[in-house]
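*Asks:* Okay, handing you the structure first.
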Amino acid sequence: MTARTDSEAPLARFIAQHGLADYEQLVERAARDPEWFWPAVMQYHGLHFFKPFERLLDVSKGPEWAEWCVGGTTNIAYNCLDRTLANGHADKPAILWEGEDGSRREMSFAVLRDTVAKAAGGLHALGIGRGDVVGLFMPSVPETIAAFLAIASVGAVALPMFSGFGVQAVAERLADSGAVAAITVDRTFRRGKPVEMAEVIETVRATTPALRHVVVVARDPENADPRWLGWDDFLAAAEPMAPVELPAETPAMLVYTSGTTGKAKGTVHSHCGFMTKVALDFGLILDLRPDDRLLWMSDMGWLTGPILAVAAPMIGATMLLAEGVPDYPEPGRLWRLAQDHAISFLGVAPTMVRAFMQQPEGTVERYDLSALRVTASTGEPWTPEAWNWFRDRVCRNRAPILNYSGGTEIGGGIVAGTVLHPDLKPCAFAGPIPGMGAMVVDSDGRPLPRGEVGELALAVPSIGLTRGLWRDPDRYIESYWSKIPGMWVHGDFASVDEDGDWFIHGRSDDTIKIAGKRTGPAEIETFLLATGKVAEAAAIGVPDPVKGSAVVCVCVPTRGVGETPALVEELRRAVADGLGSSFRPKEIAFVDDLPKTRSMKIMRRVVRAIWVGDEAGDLSGLVNPEAVAQLRAHPGAGKRRV
């Protein structure tokens, strides 16, 4: 696919249509005039409302409880399917799929729409409708997308859950949500090993009386169980059902995000809010286009999964679903998938990239990635080394890296790169996404000058924000709105440099304060990674009787690097040379892996809790719980330093 000029980008056309000079002017006007901006996004994409809204935004209950598209009716499934078919995409592939064993499937937009209509009819026949929660415990298979859209189609609330969850995590979410049904598969495969998913649901079912129905996609016909309603039978018996007309703020999705302590937080996303935010972020900012082929290996339990389930069909792009992991059965599986399916839009997580950097030289170069037009990334902040490696080896200095950061509670991104900013510094963002009112502020909410690190906050309500926390309004206010009254405080440290480029420095609750000086762990970790001897690192602050706090760095060494006293001293010196002797690590510890979330964020608060012997809090969102066990077994862990 040939590269396009900036003027051909949807974002450039949108800016020109509204007589704006540049992106910065768009951001400024969107923050000042949301009554203009959000309807303009809807109109650009032709988003459908059965009944037009009478008022875009009602903040009479305060910005914390903003209501959107008041009086209007819509349905996110209609906008992903019926509207897309009307735009002429019926025979085009909506979904390509490839399993770990190389088996492939394809589903056109017309077949996807018909499958969703039958599944919606099946849900309706079970008595499931508006307000009912339906759990979605599925791997990356075409039925996952169909089920998600069918749940939205009937006005029920989709509850996507990580496909690697065990019984306890699934049970907690189904019970807390009051789910009346669940859709799952008999089994999936991860690194060649079968993972029995329906059995997890059946185990939970015995202690979850609200869960009345379980629908199972049978991968193995011999695996049928009389307790299950098979997906094929579920569809065959159903009368196709069109998407129902719903008040625009009807909840479409409930997504749990791990809490620092206590149970996971249930974020709630509405039909009008989620579809409009996705249309903005992917259809304008990240430049997804109808002729793109999109690959972003993301589980449905991470917000990126539902975003892609909406973004690709809404825009009319083709998505590739790949079951399993990006480096099995061959180390370069991700690059081979991109090559074989002519992927033009590739999404990654920086942590994944750092893992690929440890593979043998030449692994990436074996593959033809000439179809790549755009790459996007989210999750853990980049390091310069990983950014440059990815730009040189994967993007091959042609496709831009669009850095993207937000959160589950946001319904998408807060800051991003764009194709109008192709020459950003490593790890940078072009700036705030329009309509977010993003600012870098001090603890009192005052804007900070360029070059200073502060809290990332939102000065205006955004259409994509969670409509609260499921059945827990007090925790919602406490978590996001109480730190600086009237502002959403996201919990990330950020800064804007002298050139206007934005940077995210990690979670503000991960801050390390040494001898009165405050820094984020990313600053320390950058110096460790720059040595080339460390693949991943988690810098934490621990109690110290002299300094108050001391730095401990838990590191994963790079391939072929041994753990020696000389290496420990080299790493301690690298940090001290970069940040000053106050930040010289008290200890350097080595492990095989660091605990990570499904979005591949390193869980530093878990590392710190284990190291000092505190309770680790909610661990249900970890993709690699075995890393916790190894960390607990480390000789240095579990000892309070006071």
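In the structure tokens, the first chain shown is A, the next is B, and so on; residue numbers restart at 1 for each chain, and ligands run from 1 in the order shown.
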Need the shell around stretch 462-468 of chain A: protein/DNA/RNA residues with any atom at most 6 Å away, counting only C-alpha atoms. Skip same-chain ones fewer than 2 positions apart. Format as an MDAnalysis selection string?
*Replies:* chainID A and resid 267:269 273:274 277 409:411 436 476
*Asks:* Residues within 9 Å of A:Thr208, please, as number ranges by chain. Count only C-alpha atoms; anything in the same chain fewer than 4 positions from it doesn't count.
*Replies:* A: 171, 174-175, 178-179, 204, 212
*Asks:* Measuring between only C-alpha atoms, which one of A:Trp231, A:Arg584, A:Gly316, A:Leu20 shows the shortest distance to A:His89?
*Replies:* A:Gly316
*Asks:* With only C-alpha atoms as the counted atoms, please give the residues lying no more than 9 Å from A:Trp502, apart from itself and same-chain residues fewer than 4 positions off, as an MDAnalysis selection string.
*Replies:* chainID A and resid 415:416 427:432 494:497
*Asks:* Expressed in Å to a single decimal, how great is the separation between atom CA of A:Ile76 and atom CA of A:Arg113?
*Replies:*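 Computing the Euclidean distance for atom CA of A:Ile76 and atom CA of A:Arg113 yields 12.8 Å.
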*Asks:* Could you tell me how far atom CA of A:Ile95 sits from atom CA of A:Thr318, in Å to one decimal place?
*Replies:*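 Result for atom CA of A:Thr318 versus atom CA of A:Ile95: 5.8 Å, one decimal.
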